[in-house]
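The structure file input_23.cif is reproduced below (mmCIF, C-alpha atoms).
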data_model
#
loop_
_atom_site.group_PDB
_atom_site.id
_atom_site.type_symbol
_atom_site.label_atom_id
_atom_site.label_comp_id
_atom_site.auth_asym_id
_atom_site.auth_seq_id
_atom_site.Cartn_x
_atom_site.Cartn_y
_atom_site.Cartn_z
ATOM 1 C CA MET A 1 0.000 0.000 0.000
ATOM 2 C CA ALA A 2 2.861 2.386 0.699
ATOM 3 C CA GLN A 3 4.170 1.851 -2.807
ATOM 4 C CA GLU A 4 0.910 3.117 -4.353
ATOM 5 C CA GLY A 5 1.036 6.304 -2.247
ATOM 6 C CA ASN A 6 4.467 7.204 -3.580
ATOM 7 C CA ASP A 7 3.378 6.715 -7.178
ATOM 8 C CA TRP A 8 0.566 9.269 -7.173
ATOM 9 C CA THR A 9 2.598 11.888 -5.338
ATOM 10 C CA THR A 10 5.531 11.437 -7.715
ATOM 11 C CA ASP A 11 3.140 11.534 -10.649
ATOM 12 C CA LEU A 12 1.528 14.720 -9.349
ATOM 13 C CA LEU A 13 4.878 16.415 -8.760
ATOM 14 C CA ASP A 14 6.100 15.396 -12.228
ATOM 15 C CA ARG A 15 2.973 16.891 -13.820
ATOM 16 C CA LEU A 16 3.325 20.052 -11.762
ATOM 17 C CA ASP A 17 6.990 20.340 -12.778
ATOM 18 C CA HIS A 18 6.027 19.866 -16.429
ATOM 19 C CA TYR A 19 3.360 22.592 -16.310
ATOM 20 C CA ILE A 20 5.737 24.979 -14.564
ATOM 21 C CA ASP A 21 8.305 24.378 -17.314
ATOM 22 C CA VAL A 22 5.668 25.022 -19.997
ATOM 23 C CA VAL A 23 4.566 28.285 -18.398
ATOM 24 C CA ARG A 24 8.165 29.405 -17.941
ATOM 25 C CA SER A 25 9.060 28.606 -21.545
ATOM 26 C CA ASN A 26 6.016 30.539 -22.770
ATOM 27 C CA THR A 27 6.650 33.620 -20.650
ATOM 28 C CA THR A 28 10.050 34.112 -19.086
ATOM 29 C CA ASP A 29 12.152 32.606 -21.873
ATOM 30 C CA ARG A 30 10.452 34.787 -24.475
ATOM 31 C CA LEU A 31 10.889 37.900 -22.347
ATOM 32 C CA VAL A 32 14.582 37.123 -21.916
ATOM 33 C CA LYS A 33 14.945 36.806 -25.705
ATOM 34 C CA VAL A 34 13.192 40.151 -26.272
ATOM 35 C CA ALA A 35 15.303 41.844 -23.593
ATOM 36 C CA ARG A 36 18.495 40.488 -25.158
ATOM 37 C CA LEU A 37 17.360 41.686 -28.575
ATOM 38 C CA LEU A 38 16.692 45.178 -27.219
ATOM 39 C CA VAL A 39 20.007 45.405 -25.365
ATOM 40 C CA TYR A 40 22.105 44.093 -28.257
ATOM 41 C CA GLY A 41 20.189 46.274 -30.724
ATOM 42 C CA LEU A 42 20.798 49.359 -28.609
ATOM 43 C CA ILE A 43 24.494 48.535 -28.308
ATOM 44 C CA ALA A 44 24.725 47.999 -32.080
ATOM 45 C CA ALA A 45 22.931 51.303 -32.742
ATOM 46 C CA VAL A 46 25.261 53.252 -30.435
ATOM 47 C CA LEU A 47 28.361 51.618 -31.930
ATOM 48 C CA GLY A 48 27.059 52.248 -35.449
ATOM 49 C CA LEU A 49 26.416 55.898 -34.648
ATOM 50 C CA MET A 50 29.903 56.250 -33.197
ATOM 51 C CA ALA A 51 31.433 54.594 -36.267
ATOM 52 C CA GLY A 52 29.462 56.947 -38.520
ATOM 53 C CA VAL A 53 30.707 60.018 -36.676
ATOM 54 C CA VAL A 54 34.304 58.787 -36.782
ATOM 55 C CA ALA A 55 33.963 57.998 -40.517
ATOM 56 C CA LEU A 56 32.570 61.475 -41.203
ATOM 57 C CA ILE A 57 35.425 63.099 -39.279
ATOM 58 C CA ALA A 58 37.926 60.938 -41.163
ATOM 59 C CA MET A 59 36.404 61.914 -44.532
ATOM 60 C CA ILE A 60 36.619 65.605 -43.649
ATOM 61 C CA ARG A 61 40.253 65.236 -42.536
ATOM 62 C CA ILE A 62 41.200 63.280 -45.675
ATOM 63 C CA LEU A 63 39.486 65.777 -47.965
ATOM 64 C CA ASP A 64 41.178 68.632 -46.086
ATOM 65 C CA VAL A 65 44.563 67.077 -46.838
ATOM 66 C CA VAL A 66 43.725 66.170 -50.460
ATOM 67 C CA LEU A 67 42.134 69.515 -51.376
ATOM 68 C CA PRO A 68 44.718 72.261 -50.794
ATOM 69 C CA ARG A 69 42.198 75.016 -50.001
ATOM 70 C CA GLU A 70 40.497 76.212 -46.877
ATOM 71 C CA VAL A 71 38.653 73.815 -44.591
ATOM 72 C CA TRP A 72 35.241 74.867 -45.957
ATOM 73 C CA LEU A 73 35.854 73.038 -49.250
ATOM 74 C CA PRO A 74 35.617 69.514 -47.745
ATOM 75 C CA TYR A 75 32.367 70.553 -46.072
ATOM 76 C CA VAL A 76 30.987 71.734 -49.419
ATOM 77 C CA VAL A 77 32.084 68.539 -51.177
ATOM 78 C CA LEU A 78 30.588 66.268 -48.504
ATOM 79 C CA GLY A 79 27.454 68.412 -48.349
ATOM 80 C CA ALA A 80 26.990 68.053 -52.108
ATOM 81 C CA ILE A 81 27.498 64.276 -51.873
ATOM 82 C CA PHE A 82 24.980 63.921 -49.051
ATOM 83 C CA LEU A 83 22.528 66.249 -50.803
ATOM 84 C CA GLY A 84 22.754 64.195 -53.996
ATOM 85 C CA LEU A 85 22.310 60.965 -52.042
ATOM 86 C CA GLY A 86 19.307 62.396 -50.208
ATOM 87 C CA LEU A 87 17.672 63.615 -53.430
ATOM 88 C CA PHE A 88 18.228 60.201 -55.016
ATOM 89 C CA LEU A 89 16.652 58.387 -52.057
ATOM 90 C CA TRP A 90 13.776 60.899 -51.975
ATOM 91 C CA SER A 91 13.033 60.224 -55.649
ATOM 92 C CA LYS A 92 12.858 56.463 -54.906
ATOM 93 C CA LYS A 93 10.295 56.997 -52.142
ATOM 94 C CA ALA A 94 6.933 55.410 -52.930
ATOM 95 C CA ALA A 95 3.891 57.645 -53.173
ATOM 96 C CA PRO A 96 1.323 57.182 -50.398
ATOM 97 C CA THR A 97 -1.511 54.822 -51.257
ATOM 98 C CA GLY A 98 -4.980 54.365 -49.889
ATOM 99 C CA ALA A 99 -7.672 56.700 -48.651
ATOM 100 C CA ARG A 100 -5.321 59.164 -46.953
ATOM 101 C CA ALA A 101 -3.517 59.946 -50.220
ATOM 102 C CA HIS A 102 -6.603 61.516 -51.813
ATOM 103 C CA GLN A 103 -8.030 63.452 -48.853
ATOM 104 C CA PRO A 104 -7.929 67.245 -49.179
ATOM 105 C CA ALA A 105 -5.930 69.213 -46.637
ATOM 106 C CA VAL A 106 -7.822 70.635 -43.664
ATOM 107 C CA THR A 107 -7.953 74.417 -43.931
ATOM 108 C CA GLY A 108 -9.388 75.213 -40.513
ATOM 109 C CA ASP A 109 -12.442 77.117 -41.846
ATOM 110 C CA MET A 110 -15.743 76.128 -40.270
#

Re-express the file's structure as structure tokens.
Amino acid sequence: MAQEGNDWTTDLLDRLDHYIDVVRSNTTDRLVKVARLLVYGLIAAVLGLMAGVVALIAMIRILDVVLPREVWLPYVVLGAIFLGLGLFLWSKKAAPTGARAHQPAVTGDM
């Protein structure tokens, strides 16, 4: 009789352990993955921003050495490059679609 008592308690504890593992895998494990994604993404964004600033400074310094004029000339050259790149990307932008694209602007007159 004592053997049967141990079986149902062990069975119950095994089921309880299984359900706890299922709940943990559906909640905590997913939250840990999202938190890791956010932290690593933030670190990558900060490092990318720092690398961009250093690259921009390096381009200005290199152009200042290559172009034997005043320091404003590298700024003009890089400004023209970035302006051209921005205009190119703006021309590739898709036009808005849907109901909002055809609504008239609100003038404020009542």

In Å to one decimal, how far is atom CA of Met59 of chain A from atom CA of Val71 of chain A? 12.1 Å

Protein/DNA/RNA residues near (35.6, 63.4, -44.3), cut 12 Å, only C-alpha atoms, as a ChimeraX atom specification: /A:52-67,71-79,81-82

Quick one: distance from atom CA of Leu31 of chain A to atom CA of His18 of chain A in Å, one decimal? 19.6 Å

State, in Å with one decimal place, the distance from atom CA of Ala35 of chain A to atom CA of Val23 of chain A. 18.1 Å

Would you mind putting back N, CA and C atoms on segment 42-53 of chain A, then writing it out as a PDB file, in the coordinates of the input?
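selection-v6.pdb was written with the following content:
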ATOM      1  N   LEU A  42      20.398  48.038 -29.084  1.00  0.00           N
ATOM      2  CA  LEU A  42      20.798  49.359 -28.609  1.00  0.00           C
ATOM      3  C   LEU A  42      22.320  49.520 -28.651  1.00  0.00           C
ATOM      4  N   ILE A  43      23.027  48.477 -28.247  1.00  0.00           N
ATOM      5  CA  ILE A  43      24.494  48.535 -28.308  1.00  0.00           C
ATOM      6  C   ILE A  43      24.955  48.676 -29.756  1.00  0.00           C
ATOM      7  N   ALA A  44      24.351  47.917 -30.664  1.00  0.00           N
ATOM      8  CA  ALA A  44      24.725  47.999 -32.080  1.00  0.00           C
ATOM      9  C   ALA A  44      24.413  49.384 -32.642  1.00  0.00           C
ATOM     10  N   ALA A  45      23.282  49.967 -32.253  1.00  0.00           N
ATOM     11  CA  ALA A  45      22.931  51.303 -32.742  1.00  0.00           C
ATOM     12  C   ALA A  45      23.923  52.352 -32.245  1.00  0.00           C
ATOM     13  N   VAL A  46      24.305  52.280 -30.987  1.00  0.00           N
ATOM     14  CA  VAL A  46      25.261  53.252 -30.435  1.00  0.00           C
ATOM     15  C   VAL A  46      26.623  53.090 -31.105  1.00  0.00           C
ATOM     16  N   LEU A  47      27.073  51.839 -31.266  1.00  0.00           N
ATOM     17  CA  LEU A  47      28.361  51.618 -31.930  1.00  0.00           C
ATOM     18  C   LEU A  47      28.319  52.054 -33.390  1.00  0.00           C
ATOM     19  N   GLY A  48      27.194  51.805 -34.061  1.00  0.00           N
ATOM     20  CA  GLY A  48      27.059  52.248 -35.449  1.00  0.00           C
ATOM     21  C   GLY A  48      27.074  53.759 -35.569  1.00  0.00           C
ATOM     22  N   LEU A  49      26.404  54.438 -34.647  1.00  0.00           N
ATOM     23  CA  LEU A  49      26.416  55.898 -34.648  1.00  0.00           C
ATOM     24  C   LEU A  49      27.822  56.435 -34.399  1.00  0.00           C
ATOM     25  N   MET A  50      28.528  55.826 -33.466  1.00  0.00           N
ATOM     26  CA  MET A  50      29.903  56.250 -33.197  1.00  0.00           C
ATOM     27  C   MET A  50      30.797  56.018 -34.416  1.00  0.00           C
ATOM     28  N   ALA A  51      30.631  54.885 -35.072  1.00  0.00           N
ATOM     29  CA  ALA A  51      31.433  54.594 -36.267  1.00  0.00           C
ATOM     30  C   ALA A  51      31.108  55.577 -37.382  1.00  0.00           C
ATOM     31  N   GLY A  52      29.839  55.960 -37.507  1.00  0.00           N
ATOM     32  CA  GLY A  52      29.462  56.947 -38.520  1.00  0.00           C
ATOM     33  C   GLY A  52      30.090  58.304 -38.270  1.00  0.00           C
ATOM     34  N   VAL A  53      30.095  58.728 -37.018  1.00  0.00           N
ATOM     35  CA  VAL A  53      30.707  60.018 -36.676  1.00  0.00           C
ATOM     36  C   VAL A  53      32.206  59.986 -36.941  1.00  0.00           C
TER      37      VAL A  53
END
